[in-house]
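K.L.:
Contents of target_28.tsv (TSV, C-alpha atoms) are given next:
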chain	number	residue	atom	x	y	z
H	1	MET	CA	0.00	0.00	0.00
H	2	PRO	CA	1.31	3.50	-0.80
H	3	ILE	CA	2.33	5.90	1.95
H	4	GLY	CA	1.68	9.62	1.61
H	5	LEU	CA	1.51	12.94	3.42
H	6	VAL	CA	-2.07	13.85	4.32
H	7	VAL	CA	-3.30	17.28	5.45
H	8	ARG	CA	-5.33	16.94	8.65
H	9	GLU	CA	-6.96	19.29	11.14
H	10	ASN	CA	-5.27	22.68	11.62
H	11	LYS	CA	-3.27	22.02	8.44
H	12	LYS	CA	-1.06	19.47	10.14
H	13	LEU	CA	0.69	16.89	7.96
H	14	ALA	CA	0.46	13.22	8.80
H	15	LEU	CA	2.30	10.29	7.21
H	16	GLU	CA	-0.36	7.65	6.53
H	17	THR	CA	-0.91	4.46	4.59
H	18	LEU	CA	-3.38	5.12	1.78
H	19	PRO	CA	-5.51	2.81	-0.37
H	20	LEU	CA	-4.74	2.50	-4.06
H	21	PRO	CA	-6.92	4.69	-6.31
H	22	SER	CA	-10.11	3.01	-7.50
H	23	TYR	CA	-10.52	2.43	-11.23
H	24	GLY	CA	-13.03	1.07	-13.72
H	25	PRO	CA	-12.95	-1.72	-16.33
H	26	LYS	CA	-11.70	0.62	-19.08
H	27	GLU	CA	-8.98	2.24	-16.99
H	28	LEU	CA	-5.37	1.54	-16.07
H	29	LEU	CA	-3.86	1.85	-12.62
H	30	ILE	CA	-0.47	3.40	-13.36
H	31	LYS	CA	2.60	3.67	-11.17
H	32	LEU	CA	4.43	6.85	-12.10
H	33	ASN	CA	8.03	7.10	-13.10
H	34	LEU	CA	8.33	10.74	-14.17
H	35	VAL	CA	5.92	13.69	-14.00
H	36	PRO	CA	7.00	16.87	-15.82
H	37	SER	CA	4.01	19.14	-15.16
H	38	LEU	CA	1.00	17.02	-16.20
H	39	ASP	CA	2.37	14.19	-18.33
H	40	VAL	CA	2.74	10.70	-16.91
H	41	THR	CA	4.75	7.68	-17.89
H	42	SER	CA	5.35	4.05	-16.85
H	43	PHE	CA	3.12	1.61	-15.01
H	44	ASP	CA	3.97	-1.22	-12.64
H	45	PRO	CA	2.46	-4.68	-13.34
H	46	GLU	CA	2.36	-5.52	-9.64
H	47	PHE	CA	-0.52	-3.10	-9.21
H	48	LEU	CA	-2.10	-3.54	-12.63
H	49	LEU	CA	-5.15	-5.59	-11.66
H	50	SER	CA	-7.22	-5.00	-14.79
H	51	VAL	CA	-5.68	-4.51	-18.22
H	52	PRO	CA	-8.11	-3.36	-20.93
H	53	GLY	CA	-7.02	-2.90	-24.51
H	54	ASN	CA	-3.66	-4.06	-25.83
H	55	TYR	CA	-1.79	-3.73	-22.54
H	56	LYS	CA	-0.05	-6.23	-20.34
H	57	GLY	CA	1.99	-6.13	-17.17
H	58	GLY	CA	5.57	-4.94	-17.49
H	59	GLU	CA	5.02	-2.58	-20.41
H	60	ARG	CA	5.81	1.11	-20.31
H	61	VAL	CA	3.22	3.66	-21.32
H	62	ALA	CA	3.03	7.42	-21.63
H	63	GLY	CA	0.01	9.65	-21.55
H	64	TYR	CA	-1.66	12.71	-20.15
H	65	VAL	CA	-3.91	13.26	-17.14
H	66	HIS	CA	-6.09	16.21	-16.18
H	67	GLY	CA	-4.15	18.63	-13.99
H	68	GLY	CA	-5.41	20.12	-10.75
H	69	LEU	CA	-7.59	18.69	-8.00
H	70	ASP	CA	-11.38	18.42	-8.21
H	71	PRO	CA	-12.89	15.51	-6.21
H	72	GLU	CA	-16.38	16.13	-7.64
H	73	MET	CA	-15.10	15.49	-11.16
H	74	ASN	CA	-12.66	12.76	-10.07
H	75	ILE	CA	-9.66	14.91	-11.05
H	76	ARG	CA	-6.58	14.14	-8.99
H	77	GLY	CA	-3.67	15.40	-11.09
H	78	ALA	CA	-0.46	13.42	-11.44
H	79	PHE	CA	1.65	14.45	-8.46
H	80	SER	CA	1.29	11.14	-6.66
H	81	GLU	CA	2.74	7.64	-6.77
H	82	TYR	CA	-0.21	6.18	-8.68
H	83	VAL	CA	-2.73	7.58	-11.15
H	84	VAL	CA	-5.75	6.19	-12.96
H	85	GLN	CA	-6.31	6.90	-16.64
H	86	GLU	CA	-8.50	5.59	-19.44
H	87	ALA	CA	-6.64	2.99	-21.48
H	88	SER	CA	-7.59	4.86	-24.67
H	89	LEU	CA	-5.66	7.94	-23.48
H	90	VAL	CA	-2.26	6.30	-22.99
H	91	PHE	CA	0.09	4.66	-25.47
H	92	HIS	CA	3.08	2.34	-25.66
H	93	PHE	CA	6.51	3.68	-26.46
H	94	PRO	CA	9.58	1.71	-27.62
H	95	SER	CA	12.54	0.85	-25.42
H	96	THR	CA	14.77	2.98	-27.66
H	97	ILE	CA	13.11	6.09	-26.19
H	98	LEU	CA	14.02	7.08	-22.63
H	99	PRO	CA	11.30	8.07	-20.13
H	100	GLU	CA	13.00	11.48	-19.88
H	101	GLN	CA	12.39	11.90	-23.61
H	102	ILE	CA	8.86	10.54	-23.91
H	103	ILE	CA	7.46	12.76	-21.15
H	104	THR	CA	7.88	15.74	-23.46
H	105	PHE	CA	5.68	14.14	-26.11
H	106	PRO	CA	2.03	13.74	-24.94
H	107	LEU	CA	1.20	17.38	-24.27
H	108	VAL	CA	2.62	18.83	-27.48
H	109	SER	CA	1.57	15.99	-29.79
H	110	ILE	CA	-2.04	15.92	-28.59
H	111	THR	CA	-2.30	19.71	-28.71
H	112	ALA	CA	-1.04	19.77	-32.30
H	113	ALA	CA	-3.18	16.85	-33.44
H	114	LEU	CA	-6.41	18.24	-31.98
H	115	ARG	CA	-6.29	21.43	-33.98
H	116	ILE	CA	-4.32	20.51	-37.10
H	117	PHE	CA	-6.38	17.42	-37.88
H	118	HIS	CA	-9.66	18.00	-36.01
H	119	GLU	CA	-10.18	21.71	-36.49
H	120	MET	CA	-8.19	22.63	-39.58
H	121	LYS	CA	-9.29	19.37	-41.22
H	122	LEU	CA	-5.87	18.67	-42.69
H	123	SER	CA	-5.24	15.10	-43.80
H	124	LEU	CA	-3.66	12.61	-41.43
H	125	PRO	CA	-0.28	11.06	-42.28
H	126	PRO	CA	0.85	9.40	-44.45
H	127	ALA	CA	-1.17	11.59	-46.82
H	128	ASN	CA	1.02	13.95	-48.83
H	129	VAL	CA	-0.57	17.39	-48.45
H	130	GLN	CA	0.93	20.12	-50.61
H	131	ILE	CA	0.23	23.16	-48.45
H	132	ASP	CA	2.26	25.63	-46.43
H	133	ILE	CA	1.73	25.81	-42.67
H	134	LEU	CA	3.57	28.28	-40.45
H	135	VAL	CA	4.55	27.09	-36.96
H	136	TRP	CA	5.50	30.12	-34.86
H	137	ALA	CA	7.63	28.70	-32.05
H	138	GLY	CA	10.24	31.38	-31.43
H	139	THR	CA	13.23	29.39	-32.65
H	140	SER	CA	16.61	31.07	-32.97
H	141	PRO	CA	18.95	30.53	-35.97
H	142	GLN	CA	21.10	28.22	-33.83
H	143	ARG	CA	18.26	25.68	-33.93
H	144	HIS	CA	17.48	25.86	-37.64
H	145	GLU	CA	19.49	22.79	-38.58
H	146	TYR	CA	17.65	20.86	-35.88
H	147	LEU	CA	14.32	21.98	-37.36
H	148	LYS	CA	15.50	20.88	-40.79
H	149	GLY	CA	16.13	17.43	-39.36
H	150	LEU	CA	12.55	17.37	-38.07
H	151	GLY	CA	11.20	18.09	-41.54
H	152	ALA	CA	10.90	21.88	-41.75
H	153	ASP	CA	11.38	23.16	-45.31
H	154	ILE	CA	11.99	26.82	-44.47
H	155	TYR	CA	12.86	28.52	-41.19
H	156	PHE	CA	12.96	32.13	-40.06
H	157	ASP	CA	14.45	34.12	-37.22
H	158	TYR	CA	11.41	35.38	-35.35
H	159	LYS	CA	13.43	38.39	-34.13
H	160	ASP	CA	14.19	39.52	-37.68
H	161	PRO	CA	12.39	42.86	-38.21
H	162	ASN	CA	11.56	41.72	-41.75
H	163	VAL	CA	10.25	38.30	-40.75
H	164	VAL	CA	6.69	38.94	-42.01
H	165	SER	CA	7.96	40.03	-45.43
H	166	LEU	CA	10.24	37.00	-45.59
H	167	ILE	CA	7.35	34.66	-44.80
H	168	LYS	CA	5.17	36.27	-47.47
H	169	GLN	CA	7.97	35.95	-49.98
H	170	ALA	CA	8.56	32.27	-49.17
H	171	THR	CA	4.84	31.43	-49.40
H	172	HIS	CA	4.23	33.60	-52.49
H	173	GLY	CA	1.73	35.69	-50.55
H	174	ASP	CA	-0.66	32.77	-50.14
H	175	LEU	CA	-0.24	31.45	-46.58
H	176	THR	CA	-3.48	30.03	-45.16
H	177	TYR	CA	-2.55	27.92	-42.11
H	178	ALA	CA	-0.60	28.86	-38.98
H	179	PHE	CA	0.00	27.49	-35.47
H	180	ASP	CA	0.93	30.11	-32.86
H	181	CYS	CA	2.84	28.34	-30.06
H	182	PHE	CA	3.24	31.63	-28.17
H	183	SER	CA	-0.22	33.12	-28.67
H	184	GLU	CA	0.67	36.43	-27.10
H	185	PHE	CA	-0.19	39.74	-28.71
H	186	ASP	CA	3.04	40.34	-30.65
H	187	SER	CA	3.28	36.82	-32.08
H	188	THR	CA	-0.39	36.71	-33.07
H	189	LYS	CA	-0.17	40.14	-34.67
H	190	GLN	CA	2.81	39.16	-36.83
H	191	ILE	CA	1.25	35.86	-37.86
H	192	CYS	CA	-1.97	37.59	-38.88
H	193	ALA	CA	0.08	39.95	-41.03
H	194	ALA	CA	1.62	36.93	-42.78
H	195	LEU	CA	-1.70	35.09	-43.27
H	196	THR	CA	-2.84	36.47	-46.59
H	197	GLY	CA	-4.68	33.45	-47.98
H	198	LYS	CA	-8.46	33.45	-48.32
H	199	ASP	CA	-10.27	31.89	-45.34
H	200	SER	CA	-7.05	31.59	-43.33
H	201	GLN	CA	-6.96	29.51	-40.14
H	202	LEU	CA	-4.92	30.19	-37.00
H	203	VAL	CA	-4.42	27.93	-33.97
H	204	THR	CA	-3.70	29.62	-30.62
H	205	VAL	CA	-2.84	27.97	-27.31
H	206	LEU	CA	-3.67	30.57	-24.63
H	207	PRO	CA	-7.47	30.71	-24.39
H	208	PHE	CA	-7.40	33.50	-21.80
H	209	ILE	CA	-5.67	35.89	-24.22
H	210	ARG	CA	-7.92	37.25	-26.93
H	211	ALA	CA	-6.77	39.34	-29.85
H	212	GLU	CA	-8.83	40.99	-32.55
H	213	LEU	CA	-8.15	39.11	-35.77
H	214	PRO	CA	-8.72	40.22	-39.36
H	215	THR	CA	-12.06	39.07	-40.73
H	216	HIS	CA	-10.48	36.61	-43.17
H	217	ILE	CA	-8.83	34.61	-40.34
H	218	LYS	CA	-10.63	31.97	-38.28
H	219	GLU	CA	-9.14	31.24	-34.85
H	220	HIS	CA	-9.04	27.77	-33.29
H	221	SER	CA	-8.24	28.10	-29.59
H	222	VAL	CA	-6.74	24.91	-28.11
H	223	LEU	CA	-7.74	23.56	-24.72
H	224	LEU	CA	-6.04	20.21	-24.24
H	225	TYR	CA	-8.50	19.17	-21.53
H	226	THR	CA	-11.17	18.54	-24.19
H	227	ILE	CA	-9.62	15.09	-24.73
H	228	PHE	CA	-11.30	13.98	-21.48
H	229	GLY	CA	-14.80	14.47	-22.87
H	230	ILE	CA	-16.09	16.63	-20.00
H	231	GLU	CA	-17.38	20.19	-19.88
H	232	ARG	CA	-15.31	22.68	-17.93
H	233	ASN	CA	-15.30	26.29	-16.78
H	234	LEU	CA	-11.70	27.45	-17.10
H	235	PHE	CA	-10.02	30.81	-17.67
H	236	ARG	CA	-13.42	32.49	-17.23
H	237	GLN	CA	-14.77	30.60	-20.22
H	238	PHE	CA	-17.15	27.68	-20.66
H	239	TYR	CA	-15.90	24.72	-22.68
H	240	ALA	CA	-18.58	22.30	-23.82
H	241	GLN	CA	-18.12	18.55	-23.87
H	242	ARG	CA	-16.29	17.44	-27.02
H	243	GLN	CA	-16.52	13.68	-27.37
H	244	GLN	CA	-14.96	13.96	-30.83
H	245	ASP	CA	-11.67	15.02	-29.21
H	246	LYS	CA	-11.29	11.83	-27.18
For the file at hand, write its structure as structure tokens.

P.N.:
Amino acid sequence: MPIGLVVRENKKLALETLPLPSYGPKELLIKLNLVPSLDVTSFDPEFLLSVPGNYKGGERVAGYVHGGLDPEMNIRGAFSEYVVQEASLVFHFPSTILPEQIITFPLVSITAALRIFHEMKLSLPPANVQIDILVWAGTSPQRHEYLKGLGADIYFDYKDPNVVSLIKQATHGDLTYAFDCFSEFDSTKQICAALTGKDSQLVTVLPFIRAELPTHIKEHSVLLYTIFGIERNLFRQFYAQRQQDK
């Protein structure tokens, strides 16, 4: 049984033996290895009592759990020895990838997939889509060769005062898709200036920051928590249930 610090009366801490988290027939009981913010990785077969899907004891998995603490919605975060997660929301990863590497993957990959494929309606790999998409991530020239290795065709120094003109030149003045990884006023403003295509689409990642966009640009604001299929009130906004994001 796990042992943990528990807050008791008058905010006193007590070291107590705790029961394992309860879980359902479609969920995994996961023993954590690493937790960088909200991502989780690795489960222990000793405590894996029910294994739905294509999982078996001894395998490593990575995934994402809802951050924060909300007992009414069964949200417990990931800062504990064990977590429970739906089997459909975790995945295997090969032994050639270290846990320290895989923990960087769930948050960014799910965020990108939700809006690029769900909202922008771009084709899933391995489809060969001949379009330009701008990813504004604030990368310096020292990282351009690394980006090339990841598959980027063209890269720009975001601090270049002529960066918007350079983007327009590279895309022949017909850029329609963009993903703003900063989503603050300056980055969004510059991206909008570069989006000159008809019916342009822009993904932003900070739902509590709103900017006025040109009328030809449609904004898709990402909230990663929609993968859990529950409605939430966050950042002073209501987010409806989106089963299609699960």

K.L.:
What's the separation between atom CA of H:Pro94 and atom CA of H:Pro25, in Å to one decimal place?

P.N.:
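That distance, rounded to one decimal, is 25.4 Å.
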
K.L.:
Leaving out H:Ala113 and any residue of its chain fewer than 6 positions from it, which residues lie within 12 Å of it when counting all atoms listed in the file, given as a PyMOL selection string?

P.N.:
chain H and resi 105-107+119-125+179+203+222-224+227+245-246

K.L.:
Do a neighbour search on stretch 81-85 of chain H at 6 Å with only C-alpha atoms, toss out local chain neighbours closer than 2 positions, and write the hits as a list in words.

P.N.:
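Counting only the stated atoms, we get Glu27, Leu28, Leu29, Ile30, Lys31 and Leu32 of chain H.
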
K.L.:
Suppose you want the space between atom CA of H:Asp157 and atom CA of H:Thr176; what is it in Å?

P.N.:
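It comes out at 20.0 Å.
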
K.L.:
Between atom CA of H:His216 and atom CA of H:Leu202, what is the distance in Å, rounded to a tenth?

P.N.:
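Distance reported for this atom pair: 10.5 Å.
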
K.L.:
Closest to H:Ser88 among H:Asn128, H:Asn10, H:Thr104, H:Asn54, using all atoms listed in the file?

P.N.:
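Going through H:Asn128, H:Asn10, H:Thr104, H:Asn54 one by one, the smallest distance to H:Ser88 is for H:Asn54.
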
K.L.:
Tell me which protein, DNA and RNA residues are within 10 Å of H:Ile167, counting only C-alpha atoms, leaving out same-chain ones fewer than 6 positions away, and put them as a list of chain:residue names.

P.N.:
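Once the nearby chain positions are removed, what remains is H:Leu134, H:Ile154, H:Tyr155, H:Phe156, H:Gly173, H:Asp174, H:Leu175, H:Ile191, H:Ala193, H:Ala194, H:Leu195.
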
K.L.:
Give me the residues within 9 Å of H:Lys218 as a PyMOL selection string, counting all atoms listed in the file and dropping any in the same chain fewer than 4 places off.

P.N.:
chain H and resi 199-203+213-214

K.L.:
The selected residues should be written to file as a tab-separated table (two decimals), in the coordinates of the input (atoms: C-alpha atoms).

P.N.:
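Output file part_11.tsv is given in full below:
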chain	number	residue	atom	x	y	z
H	199	ASP	CA	-10.27	31.89	-45.34
H	200	SER	CA	-7.05	31.59	-43.33
H	201	GLN	CA	-6.96	29.51	-40.14
H	202	LEU	CA	-4.92	30.19	-37.00
H	203	VAL	CA	-4.42	27.93	-33.97
H	213	LEU	CA	-8.15	39.11	-35.77
H	214	PRO	CA	-8.72	40.22	-39.36

K.L.:
Using all atoms listed in the file, list the residues that have an atom at most 10 Å from (16.9, 31.8, -31.0), coordinates as in the file, as a PyMOL selection string.

P.N.:
chain H and resi 137-144+156-159

K.L.:
Please determine, counting only C-alpha atoms, which residue among H:Glu86, H:Glu231, H:Asp153, H:Glu16 has the shortest atom-to-atom distance to H:Ala170.

P.N.:
H:Asp153

K.L.:
Compare H:Phe93, H:Ser22, H:Ala78, H:Gln241 by their minimum atom-to-atom distance to H:Tyr55, counting only C-alpha atoms, and give me the closest one.

P.N.:
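Ranking H:Phe93, H:Ser22, H:Ala78, H:Gln241 by distance to H:Tyr55, first place goes to H:Phe93.
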
K.L.:
With distances taken over all atoms listed in the file, which of H:Gly149, H:Pro207, H:Gly77, H:Gly197 is nearest to H:Ile131?

P.N.:
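Of H:Gly149, H:Pro207, H:Gly77, H:Gly197, the one nearest H:Ile131, counting all atoms listed in the file, is H:Gly197.
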
K.L.:
Need the shell around H:Asp180: protein/DNA/RNA residues with any atom at most 7 Å away, counting only C-alpha atoms. Skip same-chain ones fewer than 2 positions apart. Format as a PyMOL selection string?

P.N.:
chain H and resi 135-137+178+182-183+188+203-204

K.L.:
With only C-alpha atoms as the basis for distance, which of H:Glu145, H:Lys168, H:Leu114, H:Thr96 is at the shortest distance from H:Gln244?

P.N.:
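That would be H:Leu114, the residue with the smallest distance to H:Gln244.
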
K.L.:
Point out the residue among H:Leu89, H:Lys198, H:Ile3, H:Arg242 with the least atom-to-atom distance to H:Lys26, counting only C-alpha atoms.

P.N.:
H:Leu89
